[in-house]
$ cat target.txt   # compact mmCIF, C-alpha atoms
# COMPACT_ATOMS: atom_id res chain seq x y z
CA MET A 1 49.93 20.86 20.85
CA ALA A 2 49.72 21.22 24.63
CA VAL A 3 51.90 23.36 26.86
CA ASN A 4 52.15 21.68 30.26
CA TYR A 5 53.39 23.65 33.27
CA VAL A 6 54.93 21.40 35.94
CA CYS A 7 56.67 22.30 39.22
CA ARG A 8 60.38 21.59 38.92
CA HIS A 9 60.57 20.52 42.57
CA CYS A 10 57.42 18.57 43.51
CA LYS A 11 56.40 17.62 39.93
CA THR A 12 52.83 18.86 40.49
CA THR A 13 50.95 19.81 37.33
CA ILE A 14 50.23 23.53 37.58
CA GLY A 15 48.27 23.92 34.37
CA THR A 16 47.93 23.09 30.71
CA ILE A 17 47.28 25.20 27.64
CA GLU A 18 45.63 23.19 24.87
CA SER A 19 45.98 25.25 21.71
CA VAL A 20 47.66 24.92 18.36
CA HIS A 21 47.49 28.69 17.92
CA VAL A 22 49.56 29.79 20.92
CA THR A 23 53.03 31.07 20.01
CA GLU A 24 56.27 31.15 21.94
CA GLN A 25 56.09 34.95 21.87
CA GLN A 26 52.64 34.87 23.53
CA LEU A 27 54.05 32.60 26.23
CA GLY A 28 57.08 34.86 26.73
CA PHE A 29 59.63 32.21 25.79
CA HIS A 30 61.45 34.68 23.53
CA PHE A 31 62.63 36.58 26.65
CA LEU A 32 64.63 33.56 27.84
CA THR A 33 68.31 33.07 27.13
CA PRO A 34 69.34 29.82 25.38
CA GLU A 35 70.55 28.47 28.74
CA GLU A 36 67.26 29.32 30.45
CA ARG A 37 65.30 27.76 27.60
CA SER A 38 67.19 24.48 27.87
CA ASP A 39 66.68 24.43 31.65
CA ILE A 40 62.99 25.40 31.67
CA ILE A 41 61.46 24.10 28.42
CA ALA A 42 61.35 20.52 27.14
CA TYR A 43 59.94 19.64 23.72
CA ASN A 44 58.30 16.21 23.78
CA LEU A 45 58.25 13.79 20.84
CA ASN A 46 54.44 14.04 20.55
CA GLY A 47 54.68 17.80 19.94
CA ASP A 48 53.76 18.86 23.47
CA VAL A 49 55.90 21.24 25.48
CA THR A 50 56.73 20.87 29.17
CA VAL A 51 57.62 24.04 31.06
CA ARG A 52 59.32 23.53 34.42
CA VAL A 53 58.44 26.32 36.85
CA VAL A 54 58.04 26.59 40.64
CA CYS A 55 54.60 26.22 42.24
CA ASP A 56 53.38 28.51 45.04
CA TYR A 57 53.86 25.83 47.72
CA CYS A 58 57.48 25.20 46.77
CA ARG A 59 58.21 28.92 46.38
CA GLU A 60 56.91 29.56 49.92
CA ALA A 61 58.96 26.66 51.29
CA LEU A 62 62.11 27.90 49.54
CA ASP A 63 61.50 31.48 50.70
CA ALA A 64 61.09 30.29 54.29
CA ASN A 65 64.08 27.91 54.09
CA PRO A 66 66.65 29.32 51.63
CA GLU A 67 69.12 26.54 52.47
CA LEU A 68 66.87 24.11 50.56
CA VAL A 69 68.23 25.59 47.33
CA LEU A 70 71.48 23.74 48.05
CA VAL A 71 69.72 20.34 48.03
CA VAL A 72 69.28 18.61 44.64
CA ASN A 73 65.60 17.67 45.19
CA PRO A 74 64.50 19.67 48.23
CA LEU A 75 60.74 19.16 48.02
CA GLN A 76 60.09 15.73 46.57
$ encode --input "target.txt" --output "C-alpha cells"
Amino acid sequence: MAVNYVCRHCKTTIGTIESVHVTEQQLGFHFLTPEERSDIIAYNLNGDVTVRVVCDYCREALDANPELVLVVNPLQ
C-alpha cells in the first residue's frame, strides 16, 4: 500500500509513503471528520491512498491572493 500526497490545486506530487505497516492513526486521519475525510482522502482500487493537500507554492499564492479561493481551479 502506498499513501500518495498530491496538491489539490496544481496536482503536484508532494510525497509518497510506501509501507504496509503505516496506520491511519499514525497519519492522523482519525482526527478528520467524515466530511473532511471524503474531501481529502481517496481510496484507490489497487489499495493505494491519495491524500489531497496544499503544497507550499499554492499556499503562498493563496495567502498572497485570498480571492483565488473563490475560483474553482485557481492554480492549474
$ closest_residue --input "target.txt" --among "A:Asp63, A:Val69, A:Val54, A:Asn46" --to "His9 (chain A)" --atoms "only C-alpha atoms"
A:Val54
$ closest_residue --input "target.txt" --among "A:Ile40, A:Leu68, A:Val49, A:Leu62" --to "Arg8 (chain A)" --atoms "all atoms listed in the file"
A:Ile40
$ residues_around --input "target.txt" --residues "Thr13 (chain A)" --least-positions-apart "3" --cutoff "10 Å" --atoms "only C-alpha atoms" --output "PDB file with C-alpha atoms, in the frame of the given file"
ATOM      1  CA  ASN A   4      52.150  21.680  30.260  1.00  0.00           C
ATOM      2  CA  TYR A   5      53.390  23.650  33.270  1.00  0.00           C
ATOM      3  CA  VAL A   6      54.930  21.400  35.940  1.00  0.00           C
ATOM      4  CA  CYS A   7      56.670  22.300  39.220  1.00  0.00           C
ATOM      5  CA  ARG A   8      60.380  21.590  38.920  1.00  0.00           C
ATOM      6  CA  CYS A  10      57.420  18.570  43.510  1.00  0.00           C
ATOM      7  CA  THR A  16      47.930  23.090  30.710  1.00  0.00           C
ATOM      8  CA  ARG A  52      59.320  23.530  34.420  1.00  0.00           C
ATOM      9  CA  VAL A  53      58.440  26.320  36.850  1.00  0.00           C
ATOM     10  CA  CYS A  55      54.600  26.220  42.240  1.00  0.00           C
TER      11      CYS A  55
END
$ residues_around --input "target.txt" --residues "region 25-39 of chain A" --least-positions-apart "3" --cutoff "10 Å" --atoms "all atoms listed in the file" --output "PyMOL selection string"
chain A and resi 3+21-22+42-43+51-53
$ atom_distance --input "target.txt" --atom1 "CA of Met1 (chain A)" --atom2 "CA of Ile17 (chain A)"
8.5 Å
$ closest_residue --input "target.txt" --among "A:Ala2, A:Val71, A:Lys11, A:Arg59" --to "Thr23 (chain A)" --atoms "all atoms listed in the file"
A:Ala2
$ atom_distance --input "target.txt" --atom1 "CA of Ala64 (chain A)" --atom2 "CA of Ile41 (chain A)"
26.6 Å
$ atom_distance --input "target.txt" --atom1 "CA of Glu24 (chain A)" --atom2 "CA of Asp56 (chain A)"
23.4 Å
$ decode --input "target.txt" --residues "region 36-69 of chain A" --atoms "N, CA and C atoms" --output "PDB file, in the first residue's frame"
ATOM      1  N   GLU A  36     -14.466  15.838   6.076  1.00  0.00           N
ATOM      2  CA  GLU A  36     -13.077  16.127   5.730  1.00  0.00           C
ATOM      3  C   GLU A  36     -12.424  14.910   5.080  1.00  0.00           C
ATOM      4  N   ARG A  37     -12.691  13.745   5.632  1.00  0.00           N
ATOM      5  CA  ARG A  37     -12.120  12.512   5.067  1.00  0.00           C
ATOM      6  C   ARG A  37     -12.537  12.325   3.617  1.00  0.00           C
ATOM      7  N   SER A  38     -13.819  12.535   3.324  1.00  0.00           N
ATOM      8  CA  SER A  38     -14.284  12.331   1.953  1.00  0.00           C
ATOM      9  C   SER A  38     -13.722  13.387   1.005  1.00  0.00           C
ATOM     10  N   ASP A  39     -13.398  14.568   1.518  1.00  0.00           N
ATOM     11  CA  ASP A  39     -12.846  15.634   0.691  1.00  0.00           C
ATOM     12  C   ASP A  39     -11.337  15.468   0.482  1.00  0.00           C
ATOM     13  N   ILE A  40     -10.645  14.932   1.460  1.00  0.00           N
ATOM     14  CA  ILE A  40      -9.180  14.888   1.446  1.00  0.00           C
ATOM     15  C   ILE A  40      -8.621  13.541   1.000  1.00  0.00           C
ATOM     16  N   ILE A  41      -9.272  12.440   1.375  1.00  0.00           N
ATOM     17  CA  ILE A  41      -8.705  11.107   1.175  1.00  0.00           C
ATOM     18  C   ILE A  41      -9.491  10.341   0.122  1.00  0.00           C
ATOM     19  N   ALA A  42      -8.756   9.730  -0.811  1.00  0.00           N
ATOM     20  CA  ALA A  42      -9.382   8.861  -1.823  1.00  0.00           C
ATOM     21  C   ALA A  42      -8.714   7.501  -1.747  1.00  0.00           C
ATOM     22  N   TYR A  43      -9.513   6.449  -1.665  1.00  0.00           N
ATOM     23  CA  TYR A  43      -9.013   5.081  -1.629  1.00  0.00           C
ATOM     24  C   TYR A  43      -9.092   4.511  -3.038  1.00  0.00           C
ATOM     25  N   ASN A  44      -7.949   4.165  -3.605  1.00  0.00           N
ATOM     26  CA  ASN A  44      -7.875   3.671  -4.975  1.00  0.00           C
ATOM     27  C   ASN A  44      -8.120   2.164  -5.029  1.00  0.00           C
ATOM     28  N   LEU A  45      -8.550   1.684  -6.177  1.00  0.00           N
ATOM     29  CA  LEU A  45      -8.875   0.270  -6.341  1.00  0.00           C
ATOM     30  C   LEU A  45      -7.682  -0.654  -6.106  1.00  0.00           C
ATOM     31  N   ASN A  46      -6.465  -0.173  -6.366  1.00  0.00           N
ATOM     32  CA  ASN A  46      -5.272  -1.000  -6.178  1.00  0.00           C
ATOM     33  C   ASN A  46      -4.799  -1.038  -4.727  1.00  0.00           C
ATOM     34  N   GLY A  47      -5.532  -0.391  -3.823  1.00  0.00           N
ATOM     35  CA  GLY A  47      -5.172  -0.394  -2.410  1.00  0.00           C
ATOM     36  C   GLY A  47      -4.400   0.832  -1.963  1.00  0.00           C
ATOM     37  N   ASP A  48      -3.974   1.655  -2.910  1.00  0.00           N
ATOM     38  CA  ASP A  48      -3.262   2.881  -2.561  1.00  0.00           C
ATOM     39  C   ASP A  48      -4.242   3.933  -2.053  1.00  0.00           C
ATOM     40  N   VAL A  49      -3.702   4.925  -1.377  1.00  0.00           N
ATOM     41  CA  VAL A  49      -4.494   6.022  -0.842  1.00  0.00           C
ATOM     42  C   VAL A  49      -3.924   7.316  -1.411  1.00  0.00           C
ATOM     43  N   THR A  50      -4.806   8.199  -1.869  1.00  0.00           N
ATOM     44  CA  THR A  50      -4.390   9.518  -2.330  1.00  0.00           C
ATOM     45  C   THR A  50      -4.918  10.546  -1.346  1.00  0.00           C
ATOM     46  N   VAL A  51      -4.012  11.381  -0.845  1.00  0.00           N
ATOM     47  CA  VAL A  51      -4.365  12.418   0.117  1.00  0.00           C
ATOM     48  C   VAL A  51      -4.169  13.764  -0.575  1.00  0.00           C
ATOM     49  N   ARG A  52      -5.262  14.528  -0.680  1.00  0.00           N
ATOM     50  CA  ARG A  52      -5.204  15.820  -1.348  1.00  0.00           C
ATOM     51  C   ARG A  52      -4.964  16.914  -0.323  1.00  0.00           C
ATOM     52  N   VAL A  53      -3.770  17.535  -0.410  1.00  0.00           N
ATOM     53  CA  VAL A  53      -3.376  18.614   0.490  1.00  0.00           C
ATOM     54  C   VAL A  53      -2.983  19.820  -0.358  1.00  0.00           C
ATOM     55  N   VAL A  54      -2.426  20.856   0.255  1.00  0.00           N
ATOM     56  CA  VAL A  54      -1.996  22.044  -0.473  1.00  0.00           C
ATOM     57  C   VAL A  54      -0.480  22.170  -0.342  1.00  0.00           C
ATOM     58  N   CYS A  55       0.205  22.294  -1.487  1.00  0.00           N
ATOM     59  CA  CYS A  55       1.664  22.426  -1.473  1.00  0.00           C
ATOM     60  C   CYS A  55       2.057  23.835  -1.029  1.00  0.00           C
ATOM     61  N   ASP A  56       3.333  24.012  -0.714  1.00  0.00           N
ATOM     62  CA  ASP A  56       3.834  25.305  -0.243  1.00  0.00           C
ATOM     63  C   ASP A  56       3.626  26.409  -1.279  1.00  0.00           C
ATOM     64  N   TYR A  57       3.879  26.108  -2.555  1.00  0.00           N
ATOM     65  CA  TYR A  57       3.718  27.109  -3.612  1.00  0.00           C
ATOM     66  C   TYR A  57       2.276  27.616  -3.667  1.00  0.00           C
ATOM     67  N   CYS A  58       1.332  26.692  -3.681  1.00  0.00           N
ATOM     68  CA  CYS A  58      -0.077  27.080  -3.753  1.00  0.00           C
ATOM     69  C   CYS A  58      -0.523  27.787  -2.480  1.00  0.00           C
ATOM     70  N   ARG A  59      -0.043  27.357  -1.335  1.00  0.00           N
ATOM     71  CA  ARG A  59      -0.393  28.014  -0.066  1.00  0.00           C
ATOM     72  C   ARG A  59       0.084  29.462  -0.085  1.00  0.00           C
ATOM     73  N   GLU A  60       1.314  29.706  -0.559  1.00  0.00           N
ATOM     74  CA  GLU A  60       1.830  31.067  -0.635  1.00  0.00           C
ATOM     75  C   GLU A  60       1.007  31.910  -1.602  1.00  0.00           C
ATOM     76  N   ALA A  61       0.645  31.335  -2.752  1.00  0.00           N
ATOM     77  CA  ALA A  61      -0.158  32.057  -3.733  1.00  0.00           C
ATOM     78  C   ALA A  61      -1.534  32.397  -3.168  1.00  0.00           C
ATOM     79  N   LEU A  62      -2.144  31.464  -2.456  1.00  0.00           N
ATOM     80  CA  LEU A  62      -3.461  31.707  -1.864  1.00  0.00           C
ATOM     81  C   LEU A  62      -3.381  32.708  -0.716  1.00  0.00           C
ATOM     82  N   ASP A  63      -2.299  32.661   0.053  1.00  0.00           N
ATOM     83  CA  ASP A  63      -2.125  33.633   1.134  1.00  0.00           C
ATOM     84  C   ASP A  63      -1.942  35.044   0.576  1.00  0.00           C
ATOM     85  N   ALA A  64      -1.213  35.151  -0.537  1.00  0.00           N
ATOM     86  CA  ALA A  64      -0.966  36.458  -1.151  1.00  0.00           C
ATOM     87  C   ALA A  64      -2.173  36.974  -1.921  1.00  0.00           C
ATOM     88  N   ASN A  65      -3.023  36.055  -2.396  1.00  0.00           N
ATOM     89  CA  ASN A  65      -4.194  36.419  -3.208  1.00  0.00           C
ATOM     90  C   ASN A  65      -5.419  35.661  -2.713  1.00  0.00           C
ATOM     91  N   PRO A  66      -5.981  36.050  -1.584  1.00  0.00           N
ATOM     92  CA  PRO A  66      -7.099  35.307  -0.991  1.00  0.00           C
ATOM     93  C   PRO A  66      -8.311  35.155  -1.917  1.00  0.00           C
ATOM     94  N   GLU A  67      -8.471  36.047  -2.872  1.00  0.00           N
ATOM     95  CA  GLU A  67      -9.615  35.958  -3.782  1.00  0.00           C
ATOM     96  C   GLU A  67      -9.551  34.716  -4.663  1.00  0.00           C
ATOM     97  N   LEU A  68      -8.381  34.091  -4.783  1.00  0.00           N
ATOM     98  CA  LEU A  68      -8.255  32.872  -5.576  1.00  0.00           C
ATOM     99  C   LEU A  68      -9.065  31.717  -4.996  1.00  0.00           C
ATOM    100  N   VAL A  69      -9.389  31.786  -3.733  1.00  0.00           N
ATOM    101  CA  VAL A  69     -10.190  30.739  -3.094  1.00  0.00           C
ATOM    102  C   VAL A  69     -11.566  30.644  -3.752  1.00  0.00           C
TER     103      VAL A  69
END
